[in-house]
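*Asks:* This one is run38.pdb, PDB, C-alpha atoms.
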```pdb
ATOM      1  CA  MET A   1      -8.212 -30.337   5.355
ATOM      2  CA  LYS A   2      -5.599 -29.221   2.852
ATOM      3  CA  THR A   3      -4.971 -25.452   2.827
ATOM      4  CA  PRO A   4      -4.300 -23.916  -0.589
ATOM      5  CA  LEU A   5      -0.854 -22.340  -0.877
ATOM      6  CA  LEU A   6      -2.195 -19.025  -2.115
ATOM      7  CA  LYS A   7      -5.593 -17.852  -1.031
ATOM      8  CA  GLY A   8      -8.104 -15.493  -2.648
ATOM      9  CA  ARG A   9      -6.568 -12.154  -3.480
ATOM     10  CA  ALA A  10      -2.972 -13.427  -3.641
ATOM     11  CA  ARG A  11      -3.963 -16.124  -6.126
ATOM     12  CA  PHE A  12      -5.830 -13.513  -8.191
ATOM     13  CA  ILE A  13      -2.725 -11.282  -8.331
ATOM     14  CA  VAL A  14      -0.414 -14.167  -9.281
ATOM     15  CA  GLU A  15      -2.852 -15.227 -12.011
ATOM     16  CA  LEU A  16      -2.922 -11.662 -13.401
ATOM     17  CA  VAL A  17       0.897 -11.525 -13.469
ATOM     18  CA  ARG A  18       1.052 -14.894 -15.233
ATOM     19  CA  ARG A  19      -1.575 -13.843 -17.773
ATOM     20  CA  ASP A  20       0.199 -10.529 -18.335
ATOM     21  CA  TYR A  21       3.340 -12.402 -19.382
ATOM     22  CA  VAL A  22       1.464 -14.938 -21.492
ATOM     23  CA  GLU A  23      -0.462 -12.180 -23.315
ATOM     24  CA  ARG A  24       2.660 -10.093 -23.854
ATOM     25  CA  PHE A  25       4.355 -12.811 -25.914
ATOM     26  CA  ALA A  26       1.258 -14.640 -27.199
ATOM     27  CA  GLY A  27       1.560 -15.982 -30.747
ATOM     28  CA  SER A  28       5.325 -15.412 -31.027
ATOM     29  CA  VAL A  29       7.600 -18.323 -31.942
ATOM     30  CA  LEU A  30      10.156 -17.639 -29.208
ATOM     31  CA  GLY A  31       7.469 -16.969 -26.569
ATOM     32  CA  SER A  32       8.751 -15.978 -23.141
ATOM     33  CA  LEU A  33      12.357 -16.110 -24.430
ATOM     34  CA  TRP A  34      11.673 -12.534 -25.583
ATOM     35  CA  ALA A  35      11.626 -11.524 -21.927
ATOM     36  CA  PHE A  36      15.347 -12.416 -21.878
ATOM     37  CA  ILE A  37      16.204 -11.177 -25.370
ATOM     38  CA  TRP A  38      15.033  -7.591 -24.732
ATOM     39  CA  PRO A  39      17.222  -6.893 -21.675
ATOM     40  CA  LEU A  40      20.139  -8.678 -23.361
ATOM     41  CA  VAL A  41      19.845  -6.385 -26.399
ATOM     42  CA  ASN A  42      19.497  -3.289 -24.197
ATOM     43  CA  LEU A  43      22.534  -4.232 -22.117
ATOM     44  CA  SER A  44      24.567  -4.874 -25.284
ATOM     45  CA  ILE A  45      23.634  -1.400 -26.543
ATOM     46  CA  TYR A  46      24.772   0.230 -23.277
ATOM     47  CA  ILE A  47      28.052  -1.650 -23.225
ATOM     48  CA  VAL A  48      28.966  -1.931 -26.915
ATOM     49  CA  ILE A  49      27.536   1.274 -28.422
ATOM     50  CA  PHE A  50      28.224   3.680 -25.567
ATOM     51  CA  GLY A  51      31.272   2.053 -23.984
ATOM     52  CA  LYS A  52      33.175   0.641 -26.935
ATOM     53  CA  MET A  53      32.005   2.394 -30.142
ATOM     54  CA  MET A  54      31.375   5.902 -28.791
ATOM     55  CA  GLY A  55      34.264   5.566 -26.346
ATOM     56  CA  ALA A  56      32.348   7.117 -23.421
ATOM     57  CA  ARG A  57      34.387   6.916 -20.211
ATOM     58  CA  LEU A  58      33.714   7.668 -16.562
ATOM     59  CA  PRO A  59      36.066  10.330 -15.192
ATOM     60  CA  GLY A  60      38.851   8.847 -13.082
ATOM     61  CA  THR A  61      38.620   5.359 -14.509
ATOM     62  CA  SER A  62      40.253   3.687 -17.481
ATOM     63  CA  GLU A  63      37.890   0.716 -17.342
ATOM     64  CA  ILE A  64      36.407   0.359 -20.838
ATOM     65  CA  ASN A  65      33.021  -0.934 -19.646
ATOM     66  CA  ALA A  66      32.615   1.444 -16.672
ATOM     67  CA  TYR A  67      30.282   3.876 -18.444
ATOM     68  CA  GLY A  68      28.186   1.010 -19.838
ATOM     69  CA  ILE A  69      27.832  -0.430 -16.323
ATOM     70  CA  TYR A  70      26.996   3.046 -14.948
ATOM     71  CA  LEU A  71      24.321   3.419 -17.617
ATOM     72  CA  ALA A  72      22.894  -0.081 -17.134
ATOM     73  CA  CYS A  73      22.609   0.126 -13.364
ATOM     74  CA  GLY A  74      20.772   3.428 -13.688
ATOM     75  CA  LEU A  75      18.526   2.488 -16.592
ATOM     76  CA  ILE A  76      17.404  -0.937 -15.319
ATOM     77  CA  PRO A  77      15.848   0.400 -12.061
ATOM     78  CA  TRP A  78      14.552   3.544 -13.793
ATOM     79  CA  THR A  79      12.810   1.471 -16.502
ATOM     80  CA  CYS A  80      11.139  -0.647 -13.818
ATOM     81  CA  PHE A  81      10.128   2.435 -11.788
ATOM     82  CA  ALA A  82       8.776   4.399 -14.763
ATOM     83  CA  ALA A  83       7.001   1.394 -16.302
ATOM     84  CA  THR A  84       5.320   0.656 -12.956
ATOM     85  CA  ILE A  85       3.979   4.212 -12.666
ATOM     86  CA  GLY A  86       3.126   4.465 -16.369
ATOM     87  CA  ARG A  87       1.171   1.209 -16.407
ATOM     88  CA  THR A  88      -0.582   1.679 -13.048
ATOM     89  CA  THR A  89      -1.803   5.120 -14.158
ATOM     90  CA  SER A  90      -4.203   3.575 -16.661
ATOM     91  CA  VAL A  91      -4.791   0.178 -15.025
ATOM     92  CA  PHE A  92      -8.319   0.962 -13.776
ATOM     93  CA  LEU A  93      -9.372   2.098 -17.252
ATOM     94  CA  GLU A  94      -7.741  -0.858 -18.988
ATOM     95  CA  LYS A  95      -9.239  -3.402 -16.596
ATOM     96  CA  LYS A  96     -12.652  -1.817 -16.368
ATOM     97  CA  SER A  97     -14.302  -4.873 -17.948
ATOM     98  CA  VAL A  98     -12.883  -7.020 -15.115
ATOM     99  CA  ILE A  99     -13.758  -4.429 -12.454
ATOM    100  CA  SER A 100     -17.371  -4.085 -13.610
ATOM    101  CA  LYS A 101     -17.959  -7.857 -13.879
ATOM    102  CA  VAL A 102     -16.198  -9.137 -10.759
ATOM    103  CA  ASN A 103     -15.967  -7.502  -7.343
ATOM    104  CA  THR A 104     -12.212  -6.968  -7.771
ATOM    105  CA  SER A 105      -9.956  -5.376  -5.188
ATOM    106  CA  LEU A 106      -8.657  -2.233  -6.933
ATOM    107  CA  PRO A 107      -5.319  -2.041  -5.026
ATOM    108  CA  ALA A 108      -4.723  -5.662  -6.088
ATOM    109  CA  LEU A 109      -4.583  -4.412  -9.687
ATOM    110  CA  LEU A 110      -1.815  -1.987  -8.711
ATOM    111  CA  VAL A 111       0.070  -4.761  -6.924
ATOM    112  CA  PHE A 112      -0.212  -6.951 -10.029
ATOM    113  CA  ILE A 113       1.392  -4.284 -12.273
ATOM    114  CA  ASN A 114       4.117  -3.795  -9.686
ATOM    115  CA  LEU A 115       4.873  -7.531  -9.501
ATOM    116  CA  SER A 116       4.799  -7.884 -13.266
ATOM    117  CA  GLU A 117       7.451  -5.168 -13.575
ATOM    118  CA  VAL A 118       9.441  -6.786 -10.749
ATOM    119  CA  VAL A 119       9.688  -9.966 -12.850
ATOM    120  CA  THR A 120      11.002  -7.949 -15.817
ATOM    121  CA  TYR A 121      13.474  -6.182 -13.518
ATOM    122  CA  LEU A 122      14.714  -9.481 -12.077
ATOM    123  CA  ILE A 123      15.329 -10.895 -15.564
ATOM    124  CA  SER A 124      17.273  -7.739 -16.532
ATOM    125  CA  MET A 125      19.289  -7.829 -13.300
ATOM    126  CA  LEU A 126      20.071 -11.512 -13.805
ATOM    127  CA  ILE A 127      21.526 -10.793 -17.253
ATOM    128  CA  PHE A 128      23.345  -7.747 -15.850
ATOM    129  CA  ALA A 129      24.781  -9.883 -13.018
ATOM    130  CA  ILE A 130      26.035 -12.485 -15.522
ATOM    131  CA  PHE A 131      27.722  -9.700 -17.492
ATOM    132  CA  LEU A 132      29.282  -8.300 -14.297
ATOM    133  CA  GLY A 133      30.518 -11.772 -13.420
ATOM    134  CA  PHE A 134      32.323 -12.032 -16.779
ATOM    135  CA  ASN A 135      33.667  -8.501 -16.256
ATOM    136  CA  GLY A 136      35.433  -9.567 -13.038
ATOM    137  CA  PHE A 137      32.989  -7.957 -10.585
ATOM    138  CA  THR A 138      33.467  -9.404  -7.098
ATOM    139  CA  LEU A 139      30.631  -9.962  -4.649
ATOM    140  CA  HIS A 140      30.627  -7.868  -1.490
ATOM    141  CA  PRO A 141      28.317  -7.971   1.585
ATOM    142  CA  ARG A 142      27.132  -4.426   0.820
ATOM    143  CA  LEU A 143      25.223  -5.909  -2.154
ATOM    144  CA  LEU A 144      22.779  -7.256   0.458
ATOM    145  CA  LEU A 145      21.430  -3.707   0.555
ATOM    146  CA  LEU A 146      20.153  -4.102  -2.999
ATOM    147  CA  PRO A 147      16.828  -5.888  -2.245
ATOM    148  CA  PHE A 148      15.978  -3.217   0.349
ATOM    149  CA  ILE A 149      16.784  -0.371  -2.041
ATOM    150  CA  PHE A 150      14.722  -2.031  -4.758
ATOM    151  CA  TYR A 151      11.857  -2.579  -2.291
ATOM    152  CA  LEU A 152      11.859   1.143  -1.448
ATOM    153  CA  GLN A 153      11.952   2.003  -5.156
ATOM    154  CA  GLN A 154       8.856  -0.084  -5.873
ATOM    155  CA  ILE A 155       6.966   1.227  -2.824
ATOM    156  CA  LEU A 156       7.622   4.732  -4.148
ATOM    157  CA  ALA A 157       6.348   3.659  -7.583
ATOM    158  CA  PHE A 158       3.286   2.054  -5.957
ATOM    159  CA  THR A 159       2.581   5.224  -3.944
ATOM    160  CA  LEU A 160       2.749   7.506  -6.969
ATOM    161  CA  GLY A 161       0.857   4.979  -9.099
ATOM    162  CA  LEU A 162      -1.918   4.874  -6.506
ATOM    163  CA  LEU A 163      -2.404   8.632  -6.838
ATOM    164  CA  THR A 164      -2.182   8.773 -10.643
ATOM    165  CA  ALA A 165      -4.451   5.729 -11.106
ATOM    166  CA  THR A 166      -7.084   7.342  -8.854
ATOM    167  CA  LEU A 167      -6.889  10.699 -10.625
ATOM    168  CA  THR A 168      -6.877   9.242 -14.168
ATOM    169  CA  VAL A 169     -10.369   7.807 -13.673
ATOM    170  CA  PHE A 170     -11.756  11.327 -13.197
ATOM    171  CA  ILE A 171      -9.301  13.355 -15.314
ATOM    172  CA  ARG A 172      -8.112  11.429 -18.385
ATOM    173  CA  ASP A 173      -5.402  14.013 -19.120
ATOM    174  CA  VAL A 174      -3.452  12.758 -16.113
ATOM    175  CA  LYS A 175      -2.279   9.772 -18.179
ATOM    176  CA  GLU A 176      -0.605  12.064 -20.746
ATOM    177  CA  MET A 177       0.750  14.340 -18.017
ATOM    178  CA  VAL A 178       2.354  11.369 -16.252
ATOM    179  CA  GLY A 179       4.167  10.444 -19.489
ATOM    180  CA  ILE A 180       5.599  13.946 -19.789
ATOM    181  CA  ILE A 181       6.499  14.179 -16.094
ATOM    182  CA  LEU A 182       8.313  10.834 -16.267
ATOM    183  CA  GLN A 183      10.258  12.046 -19.301
ATOM    184  CA  LEU A 184      11.324  15.238 -17.504
ATOM    185  CA  TRP A 185      12.041  13.289 -14.328
ATOM    186  CA  PHE A 186      14.341  10.946 -16.255
ATOM    187  CA  TRP A 187      16.480  13.846 -17.496
ATOM    188  CA  PHE A 188      16.440  15.492 -14.058
ATOM    189  CA  THR A 189      17.995  12.306 -12.599
ATOM    190  CA  PRO A 190      21.687  11.582 -13.269
ATOM    191  CA  ILE A 191      21.245   8.313 -15.149
ATOM    192  CA  VAL A 192      22.971   8.949 -18.472
ATOM    193  CA  TYR A 193      25.203  11.711 -17.123
ATOM    194  CA  LEU A 194      27.238  12.206 -13.954
ATOM    195  CA  VAL A 195      26.004  14.426 -11.130
ATOM    196  CA  ASP A 196      29.313  16.346 -11.222
ATOM    197  CA  ILE A 197      28.489  18.026 -14.539
ATOM    198  CA  LEU A 198      25.458  19.801 -13.041
ATOM    199  CA  PRO A 199      25.707  23.381 -11.744
ATOM    200  CA  THR A 200      25.739  23.657  -7.934
ATOM    201  CA  ALA A 201      22.250  25.195  -7.793
ATOM    202  CA  VAL A 202      20.754  22.248  -9.719
ATOM    203  CA  ARG A 203      22.678  19.811  -7.533
ATOM    204  CA  HIS A 204      20.942  21.270  -4.479
ATOM    205  CA  LEU A 205      17.592  20.725  -6.178
ATOM    206  CA  LEU A 206      18.439  17.033  -6.583
ATOM    207  CA  LEU A 207      17.960  16.675  -2.829
ATOM    208  CA  PHE A 208      14.231  16.847  -3.550
ATOM    209  CA  ASN A 209      14.416  14.103  -6.157
ATOM    210  CA  PRO A 210      13.938  10.769  -4.314
ATOM    211  CA  VAL A 211      14.785   8.726  -7.408
ATOM    212  CA  PHE A 212      18.197  10.375  -7.524
ATOM    213  CA  SER A 213      19.058   8.898  -4.106
ATOM    214  CA  ILE A 214      17.853   5.475  -5.213
ATOM    215  CA  ILE A 215      19.738   5.502  -8.538
ATOM    216  CA  ASP A 216      22.768   6.938  -6.745
ATOM    217  CA  ALA A 217      22.614   3.950  -4.379
ATOM    218  CA  TYR A 218      22.791   1.588  -7.381
ATOM    219  CA  HIS A 219      25.725   3.545  -8.828
ATOM    220  CA  ARG A 220      27.584   3.439  -5.532
ATOM    221  CA  LEU A 221      27.008  -0.304  -5.133
ATOM    222  CA  PHE A 222      27.932  -1.379  -8.660
ATOM    223  CA  VAL A 223      30.223   1.296 -10.086
ATOM    224  CA  PHE A 224      31.976   3.111  -7.249
ATOM    225  CA  ALA A 225      32.130   0.199  -4.735
ATOM    226  CA  GLN A 226      30.810   2.413  -1.915
ATOM    227  CA  ILE A 227      28.068   2.201   0.670
ATOM    228  CA  PRO A 228      25.011   4.267  -0.376
ATOM    229  CA  ASP A 229      23.788   7.240   1.641
ATOM    230  CA  LEU A 230      21.536   5.174   3.909
ATOM    231  CA  ARG A 231      20.299   8.095   6.021
ATOM    232  CA  LYS A 232      18.911   9.753   2.926
ATOM    233  CA  LEU A 233      17.199   6.483   1.999
ATOM    234  CA  ALA A 234      15.692   6.324   5.512
ATOM    235  CA  VAL A 235      14.270   9.840   5.068
ATOM    236  CA  ILE A 236      12.814   8.869   1.677
ATOM    237  CA  THR A 237      11.288   5.770   3.298
ATOM    238  CA  VAL A 238       9.467   7.850   5.918
ATOM    239  CA  ALA A 239       8.281  10.435   3.351
ATOM    240  CA  THR A 240       7.138   7.725   0.917
ATOM    241  CA  HIS A 241       5.081   5.971   3.590
ATOM    242  CA  PHE A 242       3.562   9.242   4.729
ATOM    243  CA  PHE A 243       2.344   9.887   1.178
ATOM    244  CA  LEU A 244       1.320   6.235   0.793
ATOM    245  CA  ILE A 245      -1.032   6.589   3.774
ATOM    246  CA  VAL A 246      -2.386   9.939   2.514
ATOM    247  CA  PHE A 247      -2.944   8.666  -1.040
ATOM    248  CA  TYR A 248      -4.505   5.451   0.254
ATOM    249  CA  MET A 249      -6.933   7.470   2.391
ATOM    250  CA  LEU A 250      -7.804   9.530  -0.697
ATOM    251  CA  PHE A 251      -8.278   6.344  -2.712
ATOM    252  CA  ARG A 252     -10.554   4.804  -0.034
ATOM    253  CA  HIS A 253     -12.561   8.015   0.028
ATOM    254  CA  LEU A 254     -13.050   7.911  -3.761
ATOM    255  CA  GLU A 255     -13.250   4.144  -4.289
ATOM    256  CA  LYS A 256     -17.032   4.040  -4.706
ATOM    257  CA  ASP A 257     -16.913   6.929  -7.194
ATOM    258  CA  ILE A 258     -14.125   5.203  -9.139
ATOM    259  CA  ARG A 259     -16.327   2.106  -9.574
ATOM    260  CA  ASP A 260     -19.279   4.277 -10.618
ATOM    261  CA  PHE A 261     -17.201   6.273 -13.113
ATOM    262  CA  LEU A 262     -15.746   3.179 -14.859
TER     263      LEU A 262
ATOM    264  CA  MET B   1      28.592 -12.546   7.606
ATOM    265  CA  ARG B   2      27.181 -10.468  10.436
ATOM    266  CA  PHE B   3      25.485  -8.182   7.880
ATOM    267  CA  LEU B   4      23.922 -11.219   6.208
ATOM    268  CA  LEU B   5      22.603 -12.388   9.578
ATOM    269  CA  PHE B   6      21.428  -8.872  10.414
ATOM    270  CA  SER B   7      19.463  -8.368   7.176
ATOM    271  CA  ALA B   8      18.000 -11.879   7.249
ATOM    272  CA  GLY B   9      17.062 -11.581  10.939
ATOM    273  CA  TRP B  10      15.579  -8.122  10.477
ATOM    274  CA  THR B  11      13.480  -9.303   7.495
ATOM    275  CA  PHE B  12      12.308 -12.411   9.335
ATOM    276  CA  PHE B  13      11.364 -10.455  12.473
ATOM    277  CA  PHE B  14       9.280  -7.932  10.574
ATOM    278  CA  THR B  15       7.665 -10.487   8.260
ATOM    279  CA  ALA B  16       6.592 -12.462  11.335
ATOM    280  CA  THR B  17       5.255  -9.268  13.003
ATOM    281  CA  ALA B  18       3.376  -8.297   9.839
ATOM    282  CA  MET B  19       1.801 -11.759   9.583
ATOM    283  CA  LEU B  20       0.794 -11.650  13.242
ATOM    284  CA  LEU B  21      -0.689  -8.196  12.725
ATOM    285  CA  TRP B  22      -2.607  -9.443   9.667
ATOM    286  CA  LYS B  23      -4.158 -12.230  11.757
ATOM    287  CA  LEU B  24      -4.924 -10.179  14.860
ATOM    288  CA  VAL B  25      -6.075  -6.742  13.734
ATOM    289  CA  GLY B  26      -9.555  -6.076  12.332
ATOM    290  CA  SER B  27      -9.666  -5.600   8.572
ATOM    291  CA  ARG B  28     -10.695  -1.934   8.580
ATOM    292  CA  ARG B  29      -7.452  -0.536   9.884
ATOM    293  CA  LYS B  30      -4.941  -3.287   9.261
ATOM    294  CA  LEU B  31      -3.550  -1.861   6.015
ATOM    295  CA  TYR B  32      -2.691   1.407   7.759
ATOM    296  CA  TYR B  33      -0.899  -0.511  10.531
ATOM    297  CA  LEU B  34       0.860  -2.534   7.860
ATOM    298  CA  PHE B  35       2.048   0.599   6.054
ATOM    299  CA  PHE B  36       3.354   1.960   9.334
ATOM    300  CA  LEU B  37       5.089  -1.320  10.182
ATOM    301  CA  ASN B  38       6.597  -1.397   6.706
ATOM    302  CA  MET B  39       7.985   2.095   7.235
ATOM    303  CA  LEU B  40       9.541   1.055  10.558
ATOM    304  CA  PHE B  41      11.035  -1.994   8.881
ATOM    305  CA  LEU B  42      12.685  -0.166   5.998
ATOM    306  CA  ALA B  43      13.693   3.063   7.729
ATOM    307  CA  GLY B  44      14.951   1.079  10.733
ATOM    308  CA  PHE B  45      16.913  -1.188   8.445
ATOM    309  CA  PHE B  46      18.624   1.703   6.636
ATOM    310  CA  LEU B  47      19.469   3.501   9.875
ATOM    311  CA  LEU B  48      20.794   0.396  11.603
ATOM    312  CA  ALA B  49      22.714  -0.678   8.500
ATOM    313  CA  ASP B  50      24.212   2.807   8.323
ATOM    314  CA  ARG B  51      25.519   2.392  11.866
ATOM    315  CA  TRP B  52      26.443  -1.244  11.340
ATOM    316  CA  LEU B  53      28.369  -0.780   8.104
ATOM    317  CA  THR B  54      30.384   2.221   9.214
ATOM    318  CA  LEU B  55      31.541   0.613  12.445
TER     319      LEU B  55
END
```
Written as structure tokens, that's how I'd like the structure from this file.

*Replies:*
Amino acid sequence: MKTPLLKGRARFIVELVRRDYVERFAGSVLGSLWAFIWPLVNLSIYIVIFGKMMGARLPGTSEINAYGIYLACGLIPWTCFAATIGRTTSVFLEKKSVISKVNTSLPALLVFINLSEVVTYLISMLIFAIFLGFNGFTLHPRLLLLPFIFYLQQILAFTLGLLTATLTVFIRDVKEMVGIILQLWFWFTPIVYLVDILPTAVRHLLLFNPVFSIIDAYHRLFVFAQIPDLRKLAVITVATHFFLIVFYMLFRHLEKDIRDFL
Amino acid sequence: MRFLLFSAGWTFFFTATAMLLWKLVGSRRKLYYLFFLNMLFLAGFFLLADRWLTL
């Protein structure tokens, strides 16, 4: 008997991701080409506007594109992280017609949003890699750390999304609060500025910002040609999984109520 | 090269363990075991890579 490549839940998730992309660009002439045009435009803005026109430079380097690269390798992962949390927060409400009609696995909906954002991230990183290639960036074995750092980033987004998605069903204000928190979080993370400009007291507070360590890892890999602080990433891994288990237990406890509320 | 082998080997070992766990453990608790295994995989990777890369 022939076994299907993807069974049940996995096939459902892949189908949702595919449909998400089809719906996003439905009716447009260029179709899925827009998925490449958007990151290309964003990257051009980082490099041309900030690097060349505004003349922004990284301290200690004369490289004209260095600030643009610094900005891009902070903004690409942050966009993926924030979009994952932002979209998962309201996924149960948005998909309530599906949830009420079919006996859908609720965590599968969170996984689908995560994977959908992963595809967008991969397209952006591909364009970024092509730009780096033209800019004379050389490949180094330490870049093998990148998939693991990205994996941690998305597990963190999944963990927080699991909590916010659960809470949003009962308290609709959570959706708006998440938007504001993400905005504040963005400015509390050195993405558009360097960590050195912060006062010492604020720099100590950054130790409690897990996204800082993740974005810092990207900066070290692509801009400063250094190995990231892997011990810090290991600590974040343990903490993230601890909260993942706690939030999942909370979700399991409330799952029946979530279905009733929708 | 050795880091490539290390990361590939580490990923393969844990993917195989996770798949085995998925097959063997009863459905009620298997996600919790999987979360725990995932934590060991990532945290272990970062700690070993930290040692490996600074050697």

*Asks:* Using all atoms listed in the file, can you tell me which of B:Leu24, B:Ala43, B:Ala49, B:Leu31 comes closest to chain A?

*Replies:*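 Closest to chain A, using all atoms listed in the file: B:Ala43.
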
*Asks:* What does the distance between CA of Val211 in chain A and CA of Thr164 in chain A come to in Å, to one decimal place?

*Replies:*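 About the pair CA of Val211 in chain A and CA of Thr164 in chain A: they are 17.3 Å apart.
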
*Asks:* Apply the ChimeraX specification (/A :<7) & /B to the displayed file and report the matching residues as a list in words.

*Replies:*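 Applying the ChimeraX specification (/A :<7) & /B to the structure shown produces Phe3, Tyr32, Phe35, Met39, Leu42, Ala43, Phe46, Leu47 and Asp50 of chain B.
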
*Asks:* Would you kindly translate the PyMOL selection byres ((chain B and resi 12-23) around 10) into the concrete residues it picks from this file, as a PDB file with C-alpha atoms, in the coordinates of the input?

*Replies:*
```pdb
ATOM      1  CA  PHE B   6      21.428  -8.872  10.414  1.00  0.00           C
ATOM      2  CA  SER B   7      19.463  -8.368   7.176  1.00  0.00           C
ATOM      3  CA  ALA B   8      18.000 -11.879   7.249  1.00  0.00           C
ATOM      4  CA  GLY B   9      17.062 -11.581  10.939  1.00  0.00           C
ATOM      5  CA  TRP B  10      15.579  -8.122  10.477  1.00  0.00           C
ATOM      6  CA  THR B  11      13.480  -9.303   7.495  1.00  0.00           C
ATOM      7  CA  LEU B  24      -4.924 -10.179  14.860  1.00  0.00           C
ATOM      8  CA  VAL B  25      -6.075  -6.742  13.734  1.00  0.00           C
ATOM      9  CA  GLY B  26      -9.555  -6.076  12.332  1.00  0.00           C
ATOM     10  CA  SER B  27      -9.666  -5.600   8.572  1.00  0.00           C
ATOM     11  CA  LYS B  30      -4.941  -3.287   9.261  1.00  0.00           C
ATOM     12  CA  LEU B  31      -3.550  -1.861   6.015  1.00  0.00           C
ATOM     13  CA  TYR B  33      -0.899  -0.511  10.531  1.00  0.00           C
ATOM     14  CA  LEU B  34       0.860  -2.534   7.860  1.00  0.00           C
ATOM     15  CA  PHE B  35       2.048   0.599   6.054  1.00  0.00           C
ATOM     16  CA  LEU B  37       5.089  -1.320  10.182  1.00  0.00           C
ATOM     17  CA  ASN B  38       6.597  -1.397   6.706  1.00  0.00           C
ATOM     18  CA  LEU B  40       9.541   1.055  10.558  1.00  0.00           C
ATOM     19  CA  PHE B  41      11.035  -1.994   8.881  1.00  0.00           C
ATOM     20  CA  LEU B  42      12.685  -0.166   5.998  1.00  0.00           C
TER      21      LEU B  42
END
```

*Asks:* Would you compute the distance between CA of Trp34 in chain A and CA of Gln154 in chain A? Give it in Å to one decimal.

*Replies:* 23.5 Å

*Asks:* Any idea what the distance is between CA of Lys52 in chain A and CA of Ala72 in chain A?

*Replies:*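 CA of Ala72 in chain A lies at a distance of 14.2 Å from CA of Lys52 in chain A.
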
*Asks:* Within 12 Å of Val41 in chain A, counting all atoms listed in the file, which residues show up once you throw out same-chain ones fewer than 5 positions away? Write them as a short mmCIF file (atom, residue, chain, number, x, y, z; two decimals) with C-alpha atoms, in the coordinates of the input, please.

*Replies:*
```
data_model
loop_
_atom_site.label_atom_id
_atom_site.label_comp_id
_atom_site.auth_asym_id
_atom_site.auth_seq_id
_atom_site.Cartn_x
_atom_site.Cartn_y
_atom_site.Cartn_z
CA TRP A 34 11.67 -12.53 -25.58
CA ALA A 35 11.63 -11.52 -21.93
CA PHE A 36 15.35 -12.42 -21.88
CA TYR A 46 24.77 0.23 -23.28
CA ILE A 47 28.05 -1.65 -23.22
CA VAL A 48 28.97 -1.93 -26.92
CA ILE A 49 27.54 1.27 -28.42
CA ALA A 72 22.89 -0.08 -17.13
CA SER A 124 17.27 -7.74 -16.53
CA ILE A 127 21.53 -10.79 -17.25
CA PHE A 128 23.34 -7.75 -15.85
#
```

*Asks:* May I have the residues within 9 Å of Tyr70 in chain A as an MDAnalysis selection string, using all atoms listed in the file and disregarding those fewer than 2 positions away in the same chain?

*Replies:* chainID A and resid 58 65:68 72:75 191:192 218:219 222:223

*Asks:* Would you compute, for all listed atoms of range 12-23 of chain B, the axis-aligned bounding box grown by 4 Å on each side, and then report its centre and edge lengths in Å rounded to one decimal, as AutoDock Vina command-line options?

*Replies:*
```
--center_x 4.1 --center_y -10.2 --center_z 10.8 --size_x 24.5 --size_y 12.5 --size_z 13.0
```

*Asks:* The PyMOL selection byres ((chain A and resi 157-163) around 9) - which residues does that actually catch in the file I just gave you? List them as number ranges by chain.

*Replies:* A: 80-82, 84-89, 107, 110-111, 114, 152-156, 164-168, 240-241, 243-245, 247-248, 250-251

*Asks:* Grab the residues selected above and save them as a PDB file, in the coordinates of the input with C-alpha atoms.

*Replies:*
```
ATOM      1  CA  CYS A  80      11.139  -0.647 -13.818  1.00  0.00           C
ATOM      2  CA  PHE A  81      10.128   2.435 -11.788  1.00  0.00           C
ATOM      3  CA  ALA A  82       8.776   4.399 -14.763  1.00  0.00           C
ATOM      4  CA  THR A  84       5.320   0.656 -12.956  1.00  0.00           C
ATOM      5  CA  ILE A  85       3.979   4.212 -12.666  1.00  0.00           C
ATOM      6  CA  GLY A  86       3.126   4.465 -16.369  1.00  0.00           C
ATOM      7  CA  ARG A  87       1.171   1.209 -16.407  1.00  0.00           C
ATOM      8  CA  THR A  88      -0.582   1.679 -13.048  1.00  0.00           C
ATOM      9  CA  THR A  89      -1.803   5.120 -14.158  1.00  0.00           C
ATOM     10  CA  PRO A 107      -5.319  -2.041  -5.026  1.00  0.00           C
ATOM     11  CA  LEU A 110      -1.815  -1.987  -8.711  1.00  0.00           C
ATOM     12  CA  VAL A 111       0.070  -4.761  -6.924  1.00  0.00           C
ATOM     13  CA  ASN A 114       4.117  -3.795  -9.686  1.00  0.00           C
ATOM     14  CA  LEU A 152      11.859   1.143  -1.448  1.00  0.00           C
ATOM     15  CA  GLN A 153      11.952   2.003  -5.156  1.00  0.00           C
ATOM     16  CA  GLN A 154       8.856  -0.084  -5.873  1.00  0.00           C
ATOM     17  CA  ILE A 155       6.966   1.227  -2.824  1.00  0.00           C
ATOM     18  CA  LEU A 156       7.622   4.732  -4.148  1.00  0.00           C
ATOM     19  CA  THR A 164      -2.182   8.773 -10.643  1.00  0.00           C
ATOM     20  CA  ALA A 165      -4.451   5.729 -11.106  1.00  0.00           C
ATOM     21  CA  THR A 166      -7.084   7.342  -8.854  1.00  0.00           C
ATOM     22  CA  LEU A 167      -6.889  10.699 -10.625  1.00  0.00           C
ATOM     23  CA  THR A 168      -6.877   9.242 -14.168  1.00  0.00           C
ATOM     24  CA  THR A 240       7.138   7.725   0.917  1.00  0.00           C
ATOM     25  CA  HIS A 241       5.081   5.971   3.590  1.00  0.00           C
ATOM     26  CA  PHE A 243       2.344   9.887   1.178  1.00  0.00           C
ATOM     27  CA  LEU A 244       1.320   6.235   0.793  1.00  0.00           C
ATOM     28  CA  ILE A 245      -1.032   6.589   3.774  1.00  0.00           C
ATOM     29  CA  PHE A 247      -2.944   8.666  -1.040  1.00  0.00           C
ATOM     30  CA  TYR A 248      -4.505   5.451   0.254  1.00  0.00           C
ATOM     31  CA  LEU A 250      -7.804   9.530  -0.697  1.00  0.00           C
ATOM     32  CA  PHE A 251      -8.278   6.344  -2.712  1.00  0.00           C
TER      33      PHE A 251
END
```
